[in-house]
Amino acid sequence: MGSRNMGKQIRFLTMTALIFCLGACKSTKTVTGGEADARMSAKNIIDNHYTNQTKFKTLSGRIKIDYVNGDESQGVNVSLRMEKDKVIWMSAPLGMVKAHITPSKVSFYNKLQNEYFDGDFSYLSHVLGTELDFEKVQNLLLGNAVFDLRKEKFVSSVAEGNYQLKPKKARDLFKILFQVEPRNFKIATQQVSQPDSLRKFEAKYTYQNVSGNVLPEEIKILAEDKGELTNINLSFRNLELNKSMSFPYKVPKGFDKITLK
């Protein structure tokens with residue numbers, strides 16, 4: 001792979017990694033078990049989902065990201081630091097790529113190509129086929145629903161051993177579907193699709209028990225845009241919660257600004 005193509009792939013991995021940088025602390029064991037009760041109402045399922053959300057202040061550790069798009073594939077390990085609701089900081093090996101994301105801005109630089117990006121969430125939203133903001137990113141990575149399920153009515157059923165939720169009223173422009181695992185009421189699968197635009201986003205989860213907290217262990221992402229498929233697998237490891245940390249970030253002088261279309 002040429003240096004320019006490598007730079008493009010690292011840029012893509014950085015941008016997608018920004019979406020997948022929230023997880024757990026030191027893992028103990030994979031969470032399994034639990035049986036769905038077909039008599040449970042959609043309201044009770046949703047209430048339990050929000051009751052079981054994890055609370056923390058900071059996170060640090062590593063994420064292994066495996067990316068496949070057509071004939072192209074790569075794997076990368078990134079270090080991360082995060083202050084919940086405020087900032088996410090990431091660094092590839094040797095600091096060749098660094099990223100800094102806040103609720104209002106996405107920024108990263110790439111030393112291989114002497115270039116940097118500074119903008120909003122619009123490009124990330126395009127890559128993954130669904131509108132994203134900082135709050136949705138957090139929900140996605142914690143195993144929480146990307147949309148607030150309390151703001152509309154759902155019908156529930158049992159599918160694949162999970163609780164399945166579909167909106168009572170169909171949306172005009174896009175469709176959503178959620179499966180909630182029955183043991184801890186975390187998201188098992190969430191899908192957002194725009195049939196008219198041939199776009200679809202799906203995330204599937206497995207979980208780990210971390211000092212009494214149930215948090216994602218692995219997330220498998222499938223993004224489709226007009227027939228082009230992108231698969232991203234994320235594994236969370238060596239992560240810790242609530243440590244004191246800083247978020248150093250400064251674009252080197254002389255780098256060219258990237259304009260993403």
# chains A, B, ... in the order shown; residues from 1 in each chain; ligands from 1

call {"tool": "residues_around", "arguments": {"residues": "Ile258 in chain A", "least_positions_apart": "3", "cutoff": "9 Å", "atoms": "only C-alpha atoms", "output": "list in words"}}
result
Glu115, Tyr116, Phe117 and Asp118 of chain A

call {"tool": "select_by_dssp", "arguments": {"residues": "range 65-233 of chain A", "states": "strand (DSSP E or B)", "output": "ChimeraX atom specification"}}
result
/A:65-69,72-83,87-91,97-101,106-110,115-119,154-159,162-167,175-180,187-194,199-210,213-225,228-233

call {"tool": "closest_atom_pairs", "arguments": {"of": "range 196-219 of chain A", "to": "range 177-187 of chain A", "cutoff": "9 Å", "atoms": "only C-alpha atoms", "output": "tab-separated table"}}
result
residue	atom	partner	partner_atom	distance
A:Lys204	CA	A:Ile187	CA	8.1
A:Tyr205	CA	A:Ile187	CA	7.1
A:Tyr207	CA	A:Lys186	CA	8.7
A:Val214	CA	A:Asn184	CA	7.5
A:Leu215	CA	A:Lys186	CA	8.6

call {"tool": "closest_residue", "arguments": {"among": "A:Thr51, A:Lys86, A:Val78, A:Glu72", "to": "Lys98 in chain A", "atoms": "only C-alpha atoms"}}
result
A:Val78

call {"tool": "residues_around", "arguments": {"residues": "Phe121 in chain A", "least_positions_apart": "3", "cutoff": "9 Å", "atoms": "only C-alpha atoms", "output": "PyMOL selection string"}}
result
chain A and resi 104-106+124-126+131-134

call {"tool": "write_last_selection", "arguments": {"atoms": "all heavy atoms", "output": "PDB file, in the first residue's frame"}}
result
ATOM      1  N   SER A 104     -18.809  19.767  20.370  1.00  0.00           N
ATOM      2  CA  SER A 104     -18.977  20.724  19.272  1.00  0.00           C
ATOM      3  C   SER A 104     -17.995  20.541  18.126  1.00  0.00           C
ATOM      4  O   SER A 104     -18.186  21.114  17.054  1.00  0.00           O
ATOM      5  CB  SER A 104     -18.836  22.156  19.802  1.00  0.00           C
ATOM      6  OG  SER A 104     -17.543  22.350  20.361  1.00  0.00           O
ATOM      7  N   LYS A 105     -16.935  19.712  18.308  1.00  0.00           N
ATOM      8  CA  LYS A 105     -15.900  19.676  17.274  1.00  0.00           C
ATOM      9  C   LYS A 105     -15.186  18.336  17.225  1.00  0.00           C
ATOM     10  O   LYS A 105     -14.964  17.702  18.252  1.00  0.00           O
ATOM     11  CB  LYS A 105     -14.880  20.802  17.518  1.00  0.00           C
ATOM     12  CG  LYS A 105     -13.854  20.961  16.422  1.00  0.00           C
ATOM     13  CD  LYS A 105     -13.058  22.252  16.594  1.00  0.00           C
ATOM     14  CE  LYS A 105     -12.182  22.218  17.810  1.00  0.00           C
ATOM     15  NZ  LYS A 105     -11.266  23.409  17.861  1.00  0.00           N
ATOM     16  N   VAL A 106     -14.812  17.932  16.000  1.00  0.00           N
ATOM     17  CA  VAL A 106     -13.970  16.763  15.749  1.00  0.00           C
ATOM     18  C   VAL A 106     -12.662  17.257  15.142  1.00  0.00           C
ATOM     19  O   VAL A 106     -12.666  17.991  14.152  1.00  0.00           O
ATOM     20  CB  VAL A 106     -14.661  15.785  14.776  1.00  0.00           C
ATOM     21  CG1 VAL A 106     -13.698  14.660  14.378  1.00  0.00           C
ATOM     22  CG2 VAL A 106     -15.927  15.210  15.383  1.00  0.00           C
ATOM     23  N   LEU A 124     -18.541  12.029   9.829  1.00  0.00           N
ATOM     24  CA  LEU A 124     -18.732  10.776  10.548  1.00  0.00           C
ATOM     25  C   LEU A 124     -20.137  10.236  10.325  1.00  0.00           C
ATOM     26  O   LEU A 124     -20.336   9.036  10.160  1.00  0.00           O
ATOM     27  CB  LEU A 124     -18.497  10.982  12.044  1.00  0.00           C
ATOM     28  CG  LEU A 124     -17.091  11.413  12.455  1.00  0.00           C
ATOM     29  CD1 LEU A 124     -17.043  11.622  13.957  1.00  0.00           C
ATOM     30  CD2 LEU A 124     -16.057  10.404  12.027  1.00  0.00           C
ATOM     31  N   SER A 125     -21.122  11.134  10.311  1.00  0.00           N
ATOM     32  CA  SER A 125     -22.499  10.726  10.074  1.00  0.00           C
ATOM     33  C   SER A 125     -22.640  10.106   8.687  1.00  0.00           C
ATOM     34  O   SER A 125     -23.335   9.112   8.496  1.00  0.00           O
ATOM     35  CB  SER A 125     -23.442  11.923  10.220  1.00  0.00           C
ATOM     36  OG  SER A 125     -23.385  12.455  11.532  1.00  0.00           O
ATOM     37  N   HIS A 126     -21.962  10.689   7.700  1.00  0.00           N
ATOM     38  CA  HIS A 126     -22.031  10.163   6.333  1.00  0.00           C
ATOM     39  C   HIS A 126     -21.379   8.784   6.246  1.00  0.00           C
ATOM     40  O   HIS A 126     -21.919   7.863   5.624  1.00  0.00           O
ATOM     41  CB  HIS A 126     -21.349  11.125   5.370  1.00  0.00           C
ATOM     42  CG  HIS A 126     -21.245  10.596   3.975  1.00  0.00           C
ATOM     43  ND1 HIS A 126     -22.334  10.483   3.134  1.00  0.00           N
ATOM     44  CD2 HIS A 126     -20.191  10.105   3.283  1.00  0.00           C
ATOM     45  CE1 HIS A 126     -21.956   9.964   1.984  1.00  0.00           C
ATOM     46  NE2 HIS A 126     -20.656   9.726   2.039  1.00  0.00           N
ATOM     47  N   GLU A 131     -27.228   9.919  11.442  1.00  0.00           N
ATOM     48  CA  GLU A 131     -26.842  11.189  12.039  1.00  0.00           C
ATOM     49  C   GLU A 131     -26.280  10.957  13.445  1.00  0.00           C
ATOM     50  O   GLU A 131     -26.872  10.270  14.267  1.00  0.00           O
ATOM     51  CB  GLU A 131     -28.037  12.134  12.105  1.00  0.00           C
ATOM     52  CG  GLU A 131     -28.551  12.574  10.737  1.00  0.00           C
ATOM     53  CD  GLU A 131     -27.483  13.248   9.894  1.00  0.00           C
ATOM     54  OE1 GLU A 131     -26.741  14.099  10.448  1.00  0.00           O
ATOM     55  OE2 GLU A 131     -27.358  12.920   8.698  1.00  0.00           O
ATOM     56  N   LEU A 132     -25.111  11.536  13.706  1.00  0.00           N
ATOM     57  CA  LEU A 132     -24.427  11.345  14.978  1.00  0.00           C
ATOM     58  C   LEU A 132     -24.115  12.675  15.645  1.00  0.00           C
ATOM     59  O   LEU A 132     -23.929  13.689  14.973  1.00  0.00           O
ATOM     60  CB  LEU A 132     -23.125  10.575  14.768  1.00  0.00           C
ATOM     61  CG  LEU A 132     -23.249   9.132  14.289  1.00  0.00           C
ATOM     62  CD1 LEU A 132     -21.884   8.605  13.891  1.00  0.00           C
ATOM     63  CD2 LEU A 132     -23.882   8.251  15.354  1.00  0.00           C
ATOM     64  N   ASP A 133     -24.100  12.642  16.971  1.00  0.00           N
ATOM     65  CA  ASP A 133     -23.556  13.733  17.751  1.00  0.00           C
ATOM     66  C   ASP A 133     -22.836  13.111  18.945  1.00  0.00           C
ATOM     67  O   ASP A 133     -22.753  11.892  19.066  1.00  0.00           O
ATOM     68  CB  ASP A 133     -24.642  14.734  18.182  1.00  0.00           C
ATOM     69  CG  ASP A 133     -25.776  14.063  18.954  1.00  0.00           C
ATOM     70  OD1 ASP A 133     -25.541  13.021  19.610  1.00  0.00           O
ATOM     71  OD2 ASP A 133     -26.909  14.574  18.895  1.00  0.00           O
ATOM     72  N   PHE A 134     -22.294  13.936  19.818  1.00  0.00           N
ATOM     73  CA  PHE A 134     -21.490  13.410  20.920  1.00  0.00           C
ATOM     74  C   PHE A 134     -22.302  12.474  21.818  1.00  0.00           C
ATOM     75  O   PHE A 134     -21.837  11.407  22.224  1.00  0.00           O
ATOM     76  CB  PHE A 134     -20.910  14.573  21.727  1.00  0.00           C
ATOM     77  CG  PHE A 134     -19.761  14.184  22.615  1.00  0.00           C
ATOM     78  CD1 PHE A 134     -18.459  14.317  22.181  1.00  0.00           C
ATOM     79  CD2 PHE A 134     -19.981  13.701  23.888  1.00  0.00           C
ATOM     80  CE1 PHE A 134     -17.389  13.967  22.998  1.00  0.00           C
ATOM     81  CE2 PHE A 134     -18.928  13.340  24.724  1.00  0.00           C
ATOM     82  CZ  PHE A 134     -17.627  13.479  24.272  1.00  0.00           C
TER      83      PHE A 134
END

call {"tool": "atom_distance", "arguments": {"atom1": "CA of Pro103 in chain A", "atom2": "CA of Asp120 in chain A"}}
result
9.0 Å

call {"tool": "residues_around", "arguments": {"residues": "range 236-253 of chain A", "least_positions_apart": "2", "cutoff": "9 Å", "atoms": "only C-alpha atoms", "output": "tab-separated table (two decimals) with N, CA and C atoms, in the first residue's frame"}}
result
chain	number	residue	atom	x	y	z
A	21	CYS	N	-15.05	4.84	21.07
A	21	CYS	CA	-14.01	4.99	22.08
A	21	CYS	C	-14.60	5.13	23.47
A	22	LEU	N	-15.61	4.35	23.79
A	22	LEU	CA	-16.16	4.37	25.13
A	22	LEU	C	-16.46	2.95	25.52
A	23	GLY	N	-15.97	2.49	26.63
A	23	GLY	CA	-16.20	1.09	26.93
A	23	GLY	C	-16.20	0.76	28.40
A	24	ALA	N	-15.11	0.15	28.88
A	24	ALA	CA	-15.13	-0.40	30.22
A	24	ALA	C	-13.80	-0.18	30.90
A	25	CYS	N	-13.66	-0.73	32.13
A	25	CYS	CA	-12.35	-0.77	32.77
A	25	CYS	C	-11.85	-2.19	32.75
A	26	LYS	N	-10.97	-2.58	33.68
A	26	LYS	CA	-10.36	-3.91	33.60
A	26	LYS	C	-11.43	-5.00	33.63
A	27	SER	N	-11.43	-5.85	32.62
A	27	SER	CA	-12.50	-6.83	32.49
A	27	SER	C	-12.27	-8.00	33.43
A	56	PHE	N	-19.89	7.09	35.32
A	56	PHE	CA	-18.47	7.23	35.53
A	56	PHE	C	-18.05	8.64	35.13
A	57	LYS	N	-16.81	9.02	35.47
A	57	LYS	CA	-16.29	10.35	35.15
A	57	LYS	C	-15.24	10.31	34.05
A	58	THR	N	-14.26	9.42	34.19
A	58	THR	CA	-13.19	9.35	33.19
A	58	THR	C	-12.91	7.90	32.82
A	59	LEU	N	-12.28	7.73	31.66
A	59	LEU	CA	-11.92	6.41	31.15
A	59	LEU	C	-10.57	6.50	30.45
A	60	SER	N	-9.75	5.44	30.61
A	60	SER	CA	-8.49	5.36	29.86
A	60	SER	C	-8.20	3.91	29.53
A	61	GLY	N	-7.44	3.68	28.47
A	61	GLY	CA	-7.09	2.32	28.09
A	61	GLY	C	-6.76	2.19	26.62
A	62	ARG	N	-7.12	1.02	26.04
A	62	ARG	CA	-6.81	0.75	24.65
A	62	ARG	C	-8.00	0.10	23.95
A	63	ILE	N	-8.09	0.31	22.64
A	63	ILE	CA	-9.10	-0.33	21.81
A	63	ILE	C	-8.42	-0.94	20.59
A	64	LYS	N	-8.73	-2.19	20.30
A	64	LYS	CA	-8.28	-2.82	19.06
A	64	LYS	C	-9.40	-2.65	18.03
A	80	LEU	N	-6.60	5.56	24.45
A	80	LEU	CA	-7.66	6.56	24.60
A	80	LEU	C	-7.71	7.11	26.00
A	81	ARG	N	-8.17	8.35	26.08
A	81	ARG	CA	-8.51	8.99	27.34
A	81	ARG	C	-9.83	9.71	27.13
A	82	MET	N	-10.66	9.71	28.14
A	82	MET	CA	-11.97	10.32	27.97
A	82	MET	C	-12.47	10.91	29.27
A	83	GLU	N	-13.08	12.09	29.19
A	83	GLU	CA	-13.87	12.65	30.27
A	83	GLU	C	-15.31	12.69	29.78
A	87	VAL	N	-14.84	15.33	26.56
A	87	VAL	CA	-13.74	15.21	25.59
A	87	VAL	C	-13.33	13.75	25.44
A	88	ILE	N	-12.93	13.38	24.21
A	88	ILE	CA	-12.32	12.09	23.91
A	88	ILE	C	-10.99	12.35	23.21
A	89	TRP	N	-9.93	11.75	23.73
A	89	TRP	CA	-8.58	11.92	23.18
A	89	TRP	C	-8.07	10.56	22.77
A	90	MET	N	-7.46	10.46	21.57
A	90	MET	CA	-6.96	9.18	21.07
A	90	MET	C	-5.60	9.36	20.41
A	98	LYS	N	-3.26	11.63	16.07
A	98	LYS	CA	-3.91	11.98	17.31
A	98	LYS	C	-5.27	12.60	17.00
A	99	ALA	N	-6.22	12.36	17.91
A	99	ALA	CA	-7.57	12.87	17.71
A	99	ALA	C	-8.08	13.48	19.00
A	100	HIS	N	-8.91	14.51	18.84
A	100	HIS	CA	-9.50	15.22	19.97
A	100	HIS	C	-10.92	15.58	19.58
A	108	PHE	N	-8.39	16.05	14.28
A	108	PHE	CA	-7.29	15.09	14.33
A	108	PHE	C	-6.18	15.54	13.40
A	109	TYR	N	-4.97	15.02	13.63
A	109	TYR	CA	-3.87	15.27	12.69
A	109	TYR	C	-3.14	13.99	12.39
A	111	LYS	N	0.60	12.66	11.03
A	111	LYS	CA	1.99	13.02	10.75
A	111	LYS	C	2.52	12.38	9.48
A	114	ASN	N	1.34	15.02	7.04
A	114	ASN	CA	1.45	16.43	7.46
A	114	ASN	C	0.14	17.18	7.22
A	115	GLU	N	-0.97	16.60	7.69
A	115	GLU	CA	-2.27	17.21	7.47
A	115	GLU	C	-3.15	17.06	8.71
A	116	TYR	N	-4.20	17.88	8.77
A	116	TYR	CA	-5.09	17.83	9.93
A	116	TYR	C	-6.53	18.12	9.49
A	216	PRO	N	-19.63	-2.86	27.40
A	216	PRO	CA	-19.29	-3.60	26.19
A	216	PRO	C	-17.90	-4.23	26.24
A	217	GLU	N	-17.83	-5.44	25.73
A	217	GLU	CA	-16.55	-6.15	25.55
A	217	GLU	C	-16.14	-6.11	24.08
A	218	GLU	N	-17.12	-6.31	23.20
A	218	GLU	CA	-16.87	-6.28	21.75
A	218	GLU	C	-18.10	-5.70	21.06
A	219	ILE	N	-17.85	-4.90	20.04
A	219	ILE	CA	-18.92	-4.32	19.23
A	219	ILE	C	-18.60	-4.61	17.77
A	234	LEU	N	-14.65	-3.84	17.24
A	234	LEU	CA	-13.95	-3.14	18.30
A	234	LEU	C	-13.87	-4.03	19.54
A	255	PHE	N	1.11	22.04	8.97
A	255	PHE	CA	0.25	20.98	8.43
A	255	PHE	C	-0.84	21.59	7.57

call {"tool": "closest_residue", "arguments": {"among": "A:Asp196, A:Asp256, A:Glu135, A:Asp66", "to": "Asp148 in chain A", "atoms": "only C-alpha atoms"}}
result
A:Glu135

call {"tool": "closest_residue", "arguments": {"among": "A:Lys168, A:Ile221, A:Val155, A:Tyr163", "to": "Ala36 in chain A", "atoms": "only C-alpha atoms"}}
result
A:Tyr163

call {"tool": "closest_residue", "arguments": {"among": "A:Ile65, A:Leu112, A:Leu222, A:Ala38", "to": "Val97 in chain A", "atoms": "only C-alpha atoms"}}
result
A:Leu112

call {"tool": "atom_distance", "arguments": {"atom1": "CA of Arg199 in chain A", "atom2": "CA of Leu165 in chain A"}}
result
20.5 Å

call {"tool": "closest_residue", "arguments": {"among": "A:Lys151, A:Lys166, A:Lys220, A:Lys55", "to": "Ala42 in chain A", "atoms": "only C-alpha atoms"}}
result
A:Lys166

call {"tool": "closest_residue", "arguments": {"among": "A:Gln138, A:Thr189, A:Gln208, A:Ser122", "to": "Glu160 in chain A", "atoms": "only C-alpha atoms"}}
result
A:Thr189

call {"tool": "atom_distance", "arguments": {"atom1": "CA of Gly70 in chain A", "atom2": "CA of Gly95 in chain A"}}
result
27.6 Å
